[in-house]
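Beneath this line is the structure, given in structure tokens, with notes to follow.
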Amino acid sequence: MKSKKIKLLMVLLTIAALAVIFIAVIFPGIRDRESTVGTASLPAAASHAMGERRTYTFDQLAGMSTGYLLLVNYTHPTPAELTGNLVRAADRVAVSPVNPNVLILESALDALVEMFAYAASERNFMSFRVSEGFRTEERQRDLWDNAANQALVAYPGHSEHQMGLAADISYAGVNIGNSAQGSWLMANAYRFGFILRYPAHKTEITNVPFEPWHYRFVGQPHAFFMMRNDLVLEEYIQLLQREGALNINLVGIDYRIVHIPGGGYVEIPEGYVFTASLDNTGGVIVTMWRSS
Ligand SMILES: [Zn+2]
């Protein structure tokens, strides 16, 4: 009897020791790895400072929209106005020689700079390039009119490139489909706030064939949530409309994401920072967060 009890005690102690090792060593390891990358993709610059509990109307939120979550597709045209500064990509990242003056929104470029630096340090992938960024509607029309395959070109007025939040990415001048670099990007882009916008298994939802090169900036924690739950932007916005709110904890930050329909309002609890983005379906999505 006694030796059985001792054995049981030993087993319990071993389990407890292993649990402590897991929590102390492995778990912080995961957290550190996650927190060292992608955190600068937090829209801190555009955020609104903490303070007391405040109420914001739909119109006030629309007025501060970052545009990061605007849905643009064949049924949702590109909004008329840009939501940030267009900057020259070549000043900070490698670009394709066929498009040396490519422009992109500054927030998306900040994230690309980080992502390419991480690819270089983690995998020695030094030659990612941006081949497309912002396009005017005129340029989109030209591409459409002259496309060999119009399925791969968005109808003018319906391209994410017209928002400046999409980047077509190549590697050393080569299409990244089926390459190690393409796979790396697919697995890691979310860390920097990007999503693969047209995955192969979602073509019925996006109505666009697989485009391994086309990445869309949405920011955090949206990119993280979409990646983990295998959602494209159409599905994510539908989910938010249906659920009204989502809570996400990511690298020690508590996020609360709230969908506000037209005419609605939101209350920001004390101690939270927030940003807002119109969704181009009549709602505005508020992202609020605080350290947990
Ligand atoms: Zn594209």
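Here, A, B, ... name the chains of the structure tokens in the order displayed, residue numbers run from 1 inside each chain, and ligands are numbered from 1 in the same displayed order.
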* **Protein and nucleic residues near ligand 1, 7 Å, only C-alpha atoms and all ligand atoms, as a list in words** =>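 Going residue by residue within 7 Å of ligand 1, we get Glu132, His161, Ala166, Ala167, Asp168, Trp213 and His214 of chain A.
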* Which polymer residues have any atom within 9 Å of an atom of A:Leu240, counting only C-alpha atoms, with same-chain residues fewer than 4 positions away left out, as an MDAnalysis selection string? -> chainID A and resid 235:236 244:246 257:259 285
Between stretch 57-114 of chain A and stretch 133-144 of chain A, at 8 Å or less, what are the per-residue closest atom pairs and their distances in Å? Count only C-alpha atoms, order by chain and rising residue number, and return it as CSV.
```
residue,atom,partner,partner_atom,distance
A:Leu86,CA,A:Phe134,CA,8.0
A:Val102,CA,A:Gly133,CA,5.9
A:Leu103,CA,A:Phe134,CA,5.3
A:Ile104,CA,A:Gly133,CA,5.1
A:Leu105,CA,A:Phe134,CA,7.6
```
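Using only C-alpha atoms for every distance, the candidate list A:Leu231, A:Ala111, A:Ala187, A:Ile260 yields A:Ile260 as the residue closest to A:Glu243.
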Can you tell me which residues surround A:Ala200 at a distance of at most 10 Å, considering only C-alpha atoms, apart from same-chain residues fewer than 5 positions away, and format the answer as a compact mmCIF listing (two decimals) with N, CA and C atoms, in the first residue's frame?
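Output file around.txt follows:
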```txt
# COMPACT_ATOMS: atom_id res chain seq x y z
N THR A 206 -13.91 34.20 -53.08
CA THR A 206 -13.28 35.43 -53.56
C THR A 206 -13.62 35.73 -55.01
N VAL A 208 -11.82 34.91 -57.36
CA VAL A 208 -10.53 35.20 -58.00
C VAL A 208 -9.69 33.93 -57.91
N PRO A 209 -9.03 33.53 -59.02
CA PRO A 209 -8.16 32.35 -58.96
C PRO A 209 -7.00 32.56 -57.98
N PHE A 210 -6.36 31.47 -57.59
CA PHE A 210 -5.21 31.51 -56.69
C PHE A 210 -4.16 32.50 -57.21
N GLU A 211 -3.82 33.46 -56.35
CA GLU A 211 -2.75 34.42 -56.71
C GLU A 211 -1.70 34.38 -55.60
N PRO A 212 -0.68 33.54 -55.73
CA PRO A 212 0.30 33.39 -54.65
C PRO A 212 1.12 34.65 -54.38
```
* Running DSSP on the backbone, which parts of stretch 59-290 of chain A land in strand (DSSP E), as a PyMOL selection string? -> chain A and resi 86-88+103-105+128-132+166-171+194-196+214-217+245-250+253-261+265-268+273-278+283-290
* To do: Using only C-alpha atoms, pick whichever of A:Asn280, A:Asn146, A:Asn124, A:Ser292 has the shortest atom-to-atom distance to A:His76.
  =>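 Answer, going by the shortest atom-to-atom distance: A:Asn280.
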So that I can check the surroundings of A:Ser183, please list as a tab-separated table (two decimals) with N, CA and C atoms, in the first residue's frame every protein, DNA and RNA residue that reaches within 12 Å of it, counting only C-alpha atoms and ignoring chain neighbours fewer than 2 positions away.
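out20.tsv, freshly written:
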```
chain	number	residue	atom	x	y	z
A	119	ALA	N	12.48	37.84	-43.14
A	119	ALA	CA	12.76	36.75	-44.09
A	119	ALA	C	14.26	36.61	-44.31
A	123	ARG	N	15.57	33.14	-42.74
A	123	ARG	CA	15.79	32.11	-43.75
A	123	ARG	C	16.82	32.50	-44.81
A	125	PHE	N	16.43	34.66	-46.96
A	125	PHE	CA	15.72	35.03	-48.19
A	125	PHE	C	15.89	36.54	-48.38
A	171	TYR	N	10.05	37.01	-56.11
A	171	TYR	CA	11.34	36.71	-55.49
A	171	TYR	C	12.39	36.63	-56.59
A	176	ILE	N	6.42	33.68	-57.32
A	176	ILE	CA	6.72	32.90	-56.12
A	176	ILE	C	5.82	31.68	-55.93
A	177	GLY	N	4.88	31.45	-56.82
A	177	GLY	CA	4.03	30.26	-56.73
A	177	GLY	C	4.92	29.01	-56.72
A	178	ASN	N	4.61	28.05	-55.83
A	178	ASN	CA	5.36	26.78	-55.75
A	178	ASN	C	6.84	26.92	-55.41
A	179	SER	N	7.25	28.03	-54.80
A	179	SER	CA	8.65	28.16	-54.39
A	179	SER	C	8.73	28.12	-52.87
A	180	ALA	N	9.94	27.87	-52.35
A	180	ALA	CA	10.15	27.87	-50.90
A	180	ALA	C	9.82	29.26	-50.34
A	181	GLN	N	10.15	30.29	-51.12
A	181	GLN	CA	9.90	31.66	-50.66
A	181	GLN	C	8.40	31.94	-50.60
A	185	LEU	N	6.25	32.86	-47.23
A	185	LEU	CA	5.40	34.04	-47.17
A	185	LEU	C	3.99	33.67	-46.72
A	186	MET	N	3.48	32.58	-47.29
A	186	MET	CA	2.14	32.12	-46.94
A	186	MET	C	2.03	31.81	-45.45
A	187	ALA	N	3.12	31.25	-44.89
A	187	ALA	CA	3.10	30.84	-43.48
A	187	ALA	C	3.39	32.00	-42.52
A	188	ASN	N	4.06	33.05	-43.00
A	188	ASN	CA	4.55	34.09	-42.09
A	188	ASN	C	3.99	35.49	-42.29
A	189	ALA	N	3.35	35.74	-43.42
A	189	ALA	CA	2.90	37.11	-43.71
A	189	ALA	C	1.96	37.66	-42.64
A	196	LEU	N	-2.74	36.47	-47.39
A	196	LEU	CA	-2.79	35.98	-48.77
A	196	LEU	C	-4.24	36.16	-49.18
A	212	PRO	N	-0.68	33.54	-55.73
A	212	PRO	CA	0.30	33.39	-54.65
A	212	PRO	C	1.12	34.65	-54.38
A	213	TRP	N	1.07	35.62	-55.26
A	213	TRP	CA	1.87	36.83	-55.13
A	213	TRP	C	1.13	38.00	-54.48
```
* Which residue of A:Asn247, A:Thr75, A:Thr83, A:Thr287 approaches A:Pro156 most closely, using only C-alpha atoms -> A:Thr75
* To do: Based on DSSP run over this structure's backbone, return all residues of stretch 147-190 of chain A in helix (DSSP H, G or I), as an MDAnalysis selection string.
  => chainID A and resid 150:152 160:163 180:190
Now that the selection is made, can you save its residues with C-alpha atoms as a tab-separated table (two decimals), in the first residue's frame?
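Output contents, as saved in part-v3.tsv:
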```tsv
chain	number	residue	atom	x	y	z
A	150	GLN	CA	-9.01	38.77	-67.50
A	151	ALA	CA	-9.73	36.32	-64.66
A	152	LEU	CA	-6.41	37.45	-63.13
A	160	GLU	CA	-7.42	46.31	-54.00
A	161	HIS	CA	-4.43	47.88	-55.73
A	162	GLN	CA	-6.45	51.08	-56.13
A	163	MET	CA	-6.45	51.40	-52.32
A	180	ALA	CA	10.15	27.87	-50.90
A	181	GLN	CA	9.90	31.66	-50.66
A	182	GLY	CA	6.22	31.57	-51.59
A	183	SER	CA	5.53	28.94	-48.93
A	184	TRP	CA	7.44	30.96	-46.35
A	185	LEU	CA	5.40	34.04	-47.17
A	186	MET	CA	2.14	32.12	-46.94
A	187	ALA	CA	3.10	30.84	-43.48
A	188	ASN	CA	4.55	34.09	-42.09
A	189	ALA	CA	2.90	37.11	-43.71
A	190	TYR	CA	0.20	37.21	-41.03
```
* To do: Quick one: everything within 9 Å of A:Leu233, counting only C-alpha atoms, minus sequence neighbours fewer than 5 positions away in the same chain. Send it as a count of residues only.
  => 8
* Hey, which of A:Val130, A:Arg290, A:His222, A:Tyr68 ends up closest to A:Glu270? Count only C-alpha atoms. ->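 Looking only at the distances to A:Glu270, the closest residue turns out to be A:Arg290.
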* Which is closer to A:Asn101 than all the others in A:Val266, A:Ser131, A:Ala223, A:Phe58, using only C-alpha atoms? ->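 Ranked by minimum distance to A:Asn101, first place goes to A:Ser131.
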